[in-house]
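Novice: Next comes the structure file protein_21.txt, holding compact mmCIF, C-alpha atoms and all ligand atoms.
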# COMPACT_ATOMS: atom_id res chain seq x y z
CA MET L 1 0.67 8.24 39.71
CA SER L 2 -2.74 7.12 38.37
CA GLU L 3 -3.78 8.28 34.91
CA PRO L 4 -6.57 10.82 34.31
CA VAL L 5 -10.03 9.25 34.44
CA ASP L 6 -10.94 10.23 30.87
CA PHE L 7 -7.68 9.13 29.24
CA ASP L 8 -9.16 5.93 27.72
CA SER L 9 -12.33 7.57 26.46
CA LEU L 10 -10.36 10.49 25.03
CA VAL L 11 -7.96 8.38 22.96
CA THR L 12 -10.74 5.98 21.92
CA ARG L 13 -12.41 8.96 20.22
CA LEU L 14 -9.55 9.06 17.70
CA ASP L 15 -10.82 5.73 16.32
CA VAL L 16 -7.36 4.81 15.01
CA PRO L 17 -6.85 2.74 11.86
CA MET L 18 -5.70 -0.82 12.38
CA SER L 19 -2.57 -2.42 11.02
CA VAL L 20 -0.89 -5.83 11.04
CA ILE L 21 2.84 -6.00 11.78
CA THR L 22 4.79 -9.00 10.54
CA ALA L 23 8.34 -10.17 11.16
CA ALA L 24 10.56 -13.19 10.59
CA ALA L 25 13.70 -14.41 12.29
CA GLY L 26 15.22 -17.68 11.12
CA ASP L 27 12.34 -20.13 10.58
CA GLU L 28 10.07 -18.23 12.96
CA ARG L 29 7.31 -16.02 11.53
CA ALA L 30 5.18 -13.67 13.58
CA GLY L 31 2.45 -11.10 13.17
CA CYS L 32 -0.04 -9.19 15.28
CA LEU L 33 -2.80 -6.61 14.97
CA ILE L 34 -1.86 -3.15 16.21
CA GLY L 35 -3.62 0.14 16.80
CA PHE L 36 -0.54 1.95 18.07
CA HIS L 37 1.29 3.21 14.99
CA ALA L 38 2.01 6.55 13.30
CA GLN L 39 4.29 8.44 10.92
CA CYS L 40 6.81 10.24 13.13
CA SER L 41 9.13 12.07 10.68
CA ILE L 42 8.79 13.58 7.19
CA HIS L 43 12.44 14.10 6.11
CA PRO L 44 13.69 11.50 6.57
CA GLY L 45 10.52 9.42 6.49
CA ARG L 46 10.02 7.47 9.70
CA TYR L 47 7.18 5.30 10.98
CA ALA L 48 6.74 4.22 14.61
CA VAL L 49 4.93 1.12 15.82
CA TRP L 50 4.37 0.10 19.41
CA LEU L 51 4.59 -3.61 20.23
CA SER L 52 3.31 -5.20 23.41
CA LYS L 53 5.98 -6.91 25.48
CA ALA L 54 3.51 -9.79 25.94
CA ASN L 55 3.36 -10.63 22.24
CA HIS L 56 5.09 -13.39 20.35
CA THR L 57 5.54 -10.79 17.59
CA PHE L 58 7.55 -8.56 19.93
CA ARG L 59 9.97 -11.38 20.70
CA VAL L 60 10.47 -12.23 17.02
CA ALA L 61 10.75 -8.52 16.10
CA LEU L 62 13.62 -8.16 18.57
CA MET L 63 15.61 -10.52 16.37
CA ALA L 64 14.39 -9.15 13.04
CA GLY L 65 15.92 -6.08 11.44
CA HIS L 66 12.87 -5.49 9.25
CA LEU L 67 9.09 -5.51 9.67
CA GLY L 68 6.04 -5.57 7.42
CA VAL L 69 3.39 -2.92 8.12
CA HIS L 70 -0.01 -3.63 6.53
CA PHE L 71 -2.81 -1.08 6.60
CA LEU L 72 -6.07 -3.02 6.90
CA ASP L 73 -9.14 -2.25 4.81
CA ARG L 74 -12.68 -2.52 6.18
CA SER L 75 -12.96 -5.80 4.25
CA ASP L 76 -10.06 -7.24 6.29
CA ARG L 77 -11.85 -7.83 9.60
CA ASP L 78 -11.12 -11.56 9.34
CA LEU L 79 -7.38 -10.77 9.17
CA ALA L 80 -7.73 -8.53 12.22
CA GLU L 81 -9.34 -11.45 14.05
CA LEU L 82 -6.64 -13.88 12.96
CA PHE L 83 -3.74 -11.61 13.92
CA GLY L 84 -5.35 -9.94 16.93
CA THR L 85 -7.07 -12.74 18.81
CA LEU L 86 -4.66 -15.65 18.34
CA THR L 87 -1.05 -15.85 19.42
CA GLY L 88 1.92 -17.25 17.56
CA ASP L 89 2.82 -18.92 20.85
CA ASP L 90 -0.03 -21.39 20.12
CA VAL L 91 -0.78 -21.34 16.38
CA ASP L 92 0.90 -20.66 13.05
CA LYS L 93 -1.19 -17.72 11.78
CA PHE L 94 0.57 -17.88 8.42
CA SER L 95 -0.87 -21.35 7.72
CA ARG L 96 -4.32 -19.67 7.86
CA CYS L 97 -3.78 -16.85 5.36
CA GLU L 98 -2.11 -16.17 2.05
CA TRP L 99 1.35 -14.65 2.36
CA GLU L 100 4.51 -14.14 0.34
CA THR L 101 8.11 -13.37 1.13
CA GLY L 102 8.98 -9.72 0.62
CA ALA L 103 12.13 -7.62 0.80
CA GLN L 104 14.61 -8.71 3.47
CA GLY L 105 12.64 -11.96 3.98
CA VAL L 106 9.69 -10.16 5.61
CA PRO L 107 6.43 -12.16 5.37
CA LEU L 108 3.78 -10.04 3.61
CA LEU L 109 0.02 -10.56 3.55
CA VAL L 110 -1.15 -10.97 -0.05
CA ARG L 111 -4.60 -9.55 0.74
CA CYS L 112 -3.10 -6.21 1.88
CA PRO L 113 -1.66 -4.15 -0.99
CA ASN L 114 -1.37 -0.98 1.14
CA ARG L 115 1.78 -1.90 2.99
CA MET L 116 5.44 -1.18 3.72
CA VAL L 117 8.61 -3.02 4.51
CA VAL L 118 10.48 -1.03 7.13
CA ARG L 119 13.89 -1.22 8.74
CA ARG L 120 14.19 -0.85 12.47
CA THR L 121 16.28 2.19 13.43
CA THR L 122 15.62 2.63 17.16
CA MET L 123 13.65 1.11 20.02
CA LEU L 124 12.38 2.95 23.06
CA ASP L 125 11.40 1.10 26.23
CA GLU L 126 10.34 3.58 28.90
CA GLY L 127 9.08 0.88 31.24
CA SER L 128 5.46 0.66 30.08
CA ASP L 129 3.76 -2.36 28.54
CA HIS L 130 4.60 -1.48 24.91
CA VAL L 131 7.95 -0.79 23.24
CA CYS L 132 8.23 1.91 20.59
CA VAL L 133 9.96 0.72 17.43
CA VAL L 134 11.00 3.57 15.12
CA THR L 135 11.50 2.46 11.54
CA GLU L 136 12.65 3.66 8.14
CA PRO L 137 10.41 2.65 5.21
CA ILE L 138 12.48 0.86 2.55
CA GLU L 139 9.58 -0.20 0.33
CA ALA L 140 5.99 1.07 0.20
CA SER L 141 3.12 0.09 -2.05
CA VAL L 142 -0.34 1.50 -2.62
CA GLY L 143 -3.23 -0.69 -3.78
CA ASP L 144 -5.03 0.05 -7.06
CA GLY L 145 -8.53 -0.05 -5.63
CA PRO L 146 -10.33 2.13 -3.11
CA PHE L 147 -9.18 1.96 0.50
CA THR L 148 -11.26 2.55 3.61
CA PRO L 149 -9.24 1.88 6.75
CA LEU L 150 -10.47 -0.69 9.23
CA ARG L 151 -10.77 1.25 12.47
CA LEU L 152 -10.71 0.47 16.16
CA SER L 153 -14.50 0.82 16.33
CA ASP L 154 -14.79 -2.00 13.76
CA VAL L 155 -12.79 -4.41 15.96
CA ASP L 156 -13.27 -3.21 19.54
CA ASP L 157 -15.11 -6.43 20.39
CA LEU L 158 -11.98 -8.54 19.73
CA VAL L 159 -10.16 -10.08 22.68
CA PRO L 160 -6.36 -9.84 22.26
CA GLY L 161 -4.56 -13.19 22.00
CA HIS L 162 -2.10 -11.88 24.58
CA PRO L 163 -3.48 -9.35 27.10
CA VAL L 164 -0.74 -6.86 28.03
CA ASP L 165 -0.62 -8.35 31.53
CA ASP L 166 0.90 -11.48 29.98
CA ARG L 167 4.23 -9.66 29.75
CA PRO L 168 7.09 -11.26 31.64
CA ARG L 169 7.44 -10.44 35.32
CA PRO L 170 8.97 -8.78 37.22
CA PRO L 171 7.93 -5.49 35.62
CA THR L 172 10.42 -2.70 35.23
CA GLU L 173 10.54 -0.08 37.94
CA ARG L 174 8.43 2.48 36.04
CA GLY L 175 5.93 -0.12 34.84
CA SER L 176 5.05 -1.47 38.28
C1 LIG S 201 -8.14 -3.84 18.89
C2 LIG S 201 -6.76 -4.36 19.21
C3 LIG S 201 -5.67 -3.50 19.18
C4 LIG S 201 -4.38 -3.98 19.49
N1 LIG S 201 -3.30 -3.12 19.44
C5 LIG S 201 -2.06 -3.60 19.67
C6 LIG S 201 -0.91 -2.75 19.56
O1 LIG S 201 -1.00 -1.55 19.25
N2 LIG S 201 0.32 -3.29 19.78
C7 LIG S 201 0.48 -4.60 20.09
O2 LIG S 201 1.61 -5.05 20.25
N3 LIG S 201 -0.59 -5.45 20.24
C8 LIG S 201 -1.84 -4.97 20.03
N4 LIG S 201 -2.92 -5.79 20.14
C9 LIG S 201 -2.74 -7.14 20.68
C10 LIG S 201 -2.25 -8.21 19.70
O3 LIG S 201 -2.70 -8.01 18.39
C11 LIG S 201 -2.76 -9.59 20.20
O4 LIG S 201 -2.46 -9.79 21.56
C12 LIG S 201 -2.18 -10.72 19.36
O5 LIG S 201 -2.99 -11.86 19.57
C13 LIG S 201 -0.74 -11.02 19.70
O6 LIG S 201 -0.28 -12.02 18.85
P1 LIG S 201 1.19 -12.65 18.96
O7 LIG S 201 1.34 -13.17 20.37
O8 LIG S 201 1.18 -13.75 17.94
O9 LIG S 201 2.15 -11.58 18.63
C14 LIG S 201 -4.20 -5.34 19.81
C15 LIG S 201 -5.30 -6.21 19.81
C16 LIG S 201 -6.57 -5.74 19.52
C17 LIG S 201 -7.72 -6.71 19.51
The structure in this file should be written as structure tokens.

Specialist:
Amino acid sequence: MSEPVDFDSLVTRLDVPMSVITAAAGDERAGCLIGFHAQCSIHPGRYAVWLSKANHTFRVALMAGHLGVHFLDRSDRDLAELFGTLTGDDVDKFSRCEWETGAQGVPLLVRCPNRMVVRRTTMLDEGSDHVCVVTEPIEASVGDGPFTPLRLSDVDDLVPGHPVDDRPRPPTERGS
């Protein structure tokens, strides 16, 4: 079934805040820009992120039990460009930014004090181009200074390093 004509323009109106997800497995580090993320439980606290099946970060996250979730500030557009327009399949993004090792070996972006380390609890793949990863926050920090989220409208000119159509074929039955 085709989706309603105004679906894209409707959800674009939300102007979601942008985040960078990071993960490590063995010697491999990964990270990508995401707009699909939200708190999804209060007690217990849960946070969901949706990762594109096309992304290098998705493949590394499959092998990582923990993720870093960084809320980007308006001053972080350069980080959005680095993590959203390049792919870890071609470049080491972490050689181009300052990072440190956080809890559970998760790579954390030094520039982003508003961040969490989360533990993966569940994954949901309903056949679409993104997989829902539900997580439990195990560490959260809030920056000292003011914070104005970087929003989709600040980065909607960026071209993703991996368009969703890059996901492996054949597609699942529902995704075709
Ligand atoms: C505005 C914007 C929003 C994006 N939102 C998501 C998202 O919610 N989930 C996701 O997995 N990728 C998203 N991407 C795509 C990845 O950030 C992009 O393809 C990245 O280059 C993948 O890097 P990787 O292959 O190193 O993981 C978005 C990209 C842009 C530019």

Novice: Taking all atoms listed in the file and a cut-off of 7 Å, can you tell me which residues surround ligand LIG 201 (chain S), written as a PyMOL selection string?

Specialist: chain L and resi 30-37+50-52+54-58+83-89+130+152+155-156+158-163

Novice: Find the spatial neighbours of L:Thr148, counting all atoms listed in the file, within a cut-off of 10 Å - ignore same-chain residues fewer than 3 positions away - and output them as a PyMOL selection string.

Specialist: chain L and resi 17+71-75+145+151

Novice: With distances taken over only C-alpha atoms, which of L:Gly105, L:Asp166, L:Val69, L:Val110 is nearest to L:Thr135?

Specialist: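 For L:Thr135, the nearest of the given residues is L:Val69.
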
Novice: Nearest to L:Ala24 among L:Ala64, L:Val49, L:Val118, L:Leu108, with distances taken over only C-alpha atoms: which residue is it?

Specialist: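 Looking at the shortest contact to L:Ala24, the residue is L:Ala64.
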
Novice: Of the candidates L:Ser95, L:Arg77, L:Ile138, L:Val133, which one gets nearest to L:Cys40 if we count all atoms listed in the file?

Specialist: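 Nearest candidate to L:Cys40 out of L:Ser95, L:Arg77, L:Ile138, L:Val133: L:Val133.
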
Novice: If we count all atoms listed in the file and set the cut-off at 10 Å, which residues sit around L:Arg13, ignoring sequence neighbours fewer than 3 positions away in its own chain? Please answer as a PyMOL selection string.

Specialist: chain L and resi 8-10+16+152-153

Novice: Choose the residue, out of L:Pro168, L:Gly127, L:Gly26, L:Pro4, that has the smallest atom-to-atom separation from L:Gln104; count only C-alpha atoms.

Specialist: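 With only C-alpha atoms as the atom set, the closest residue is L:Gly26.
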
Novice: Got a sec: who's within 8 Å of L:Gly45, counting all atoms listed in the file, leaving out chain neighbours fewer than 4 positions off, as a PDB file with C-alpha atoms, keeping the file's coordinate frame?

Specialist:
ATOM      1  CA  GLN L  39       4.290   8.440  10.920  1.00  0.00           C
ATOM      2  CA  CYS L  40       6.810  10.240  13.130  1.00  0.00           C
ATOM      3  CA  SER L  41       9.130  12.070  10.680  1.00  0.00           C
ATOM      4  CA  GLU L 136      12.650   3.660   8.140  1.00  0.00           C
ATOM      5  CA  PRO L 137      10.410   2.650   5.210  1.00  0.00           C
TER       6      PRO L 137
END

Novice: Just give me the gap between atom CA of L:Cys97 and atom CA of L:Met63 in Å, one decimal is fine.

Specialist: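 It comes out at 23.2 Å.
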
Novice: Around all the atoms of stretch 123-128 of chain L listed in the file, draw an axis-aligned box and extend it by 3 Å on each of the six sides; I want its centre and edge lengths in Å to one decimal, as JSON.

Specialist:
{"center_x": 9.6, "center_y": 2.1, "center_z": 25.6, "size_x": 14.2, "size_y": 8.9, "size_z": 17.2}

Novice: Need to verify the contact set: L:Val117, 8 Å, all atoms listed in the file, exclusion of same-chain residues closer than 5 positions in sequence. Can you return it as a PDB file with C-alpha atoms, in the frame of the given file?

Specialist:
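For reference, around.pdb as written:
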ATOM      1  CA  HIS L  66      12.870  -5.490   9.250  1.00  0.00           C
ATOM      2  CA  LEU L  67       9.090  -5.510   9.670  1.00  0.00           C
ATOM      3  CA  GLY L  68       6.040  -5.570   7.420  1.00  0.00           C
ATOM      4  CA  VAL L  69       3.390  -2.920   8.120  1.00  0.00           C
ATOM      5  CA  GLY L 102       8.980  -9.720   0.620  1.00  0.00           C
ATOM      6  CA  ALA L 103      12.130  -7.620   0.800  1.00  0.00           C
ATOM      7  CA  VAL L 106       9.690 -10.160   5.610  1.00  0.00           C
ATOM      8  CA  PRO L 137      10.410   2.650   5.210  1.00  0.00           C
ATOM      9  CA  ILE L 138      12.480   0.860   2.550  1.00  0.00           C
ATOM     10  CA  GLU L 139       9.580  -0.200   0.330  1.00  0.00           C
ATOM     11  CA  ALA L 140       5.990   1.070   0.200  1.00  0.00           C
TER      12      ALA L 140
END

Novice: Just checking: using all atoms listed in the file, which residue out of L:Leu124, L:Arg29, L:Ser19, L:Gly65 ends up closest to L:Trp99?

Specialist: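 When distances to L:Trp99 are compared using all atoms listed in the file, the smallest one comes from L:Arg29.
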
Novice: Report the distance between atom CA of L:Cys132 and atom CA of L:Cys112 in Å, rounded to one decimal place.

Specialist: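 According to the coordinates, atom CA of L:Cys132 and atom CA of L:Cys112 are separated by 23.3 Å.
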
Novice: Measuring atom to atom with all atoms listed in the file, identify which of L:Leu79, L:Thr12, L:Ala23, L:Met116 is nearest to L:Glu98.

Specialist: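 Among L:Leu79, L:Thr12, L:Ala23, L:Met116, it is L:Leu79 that comes nearest to L:Glu98.
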
Novice: Give me, please, the distance in Å between atom CA of L:Val20 and atom CA of L:Glu3, quoted to one decimal.

Specialist: 27.9 Å
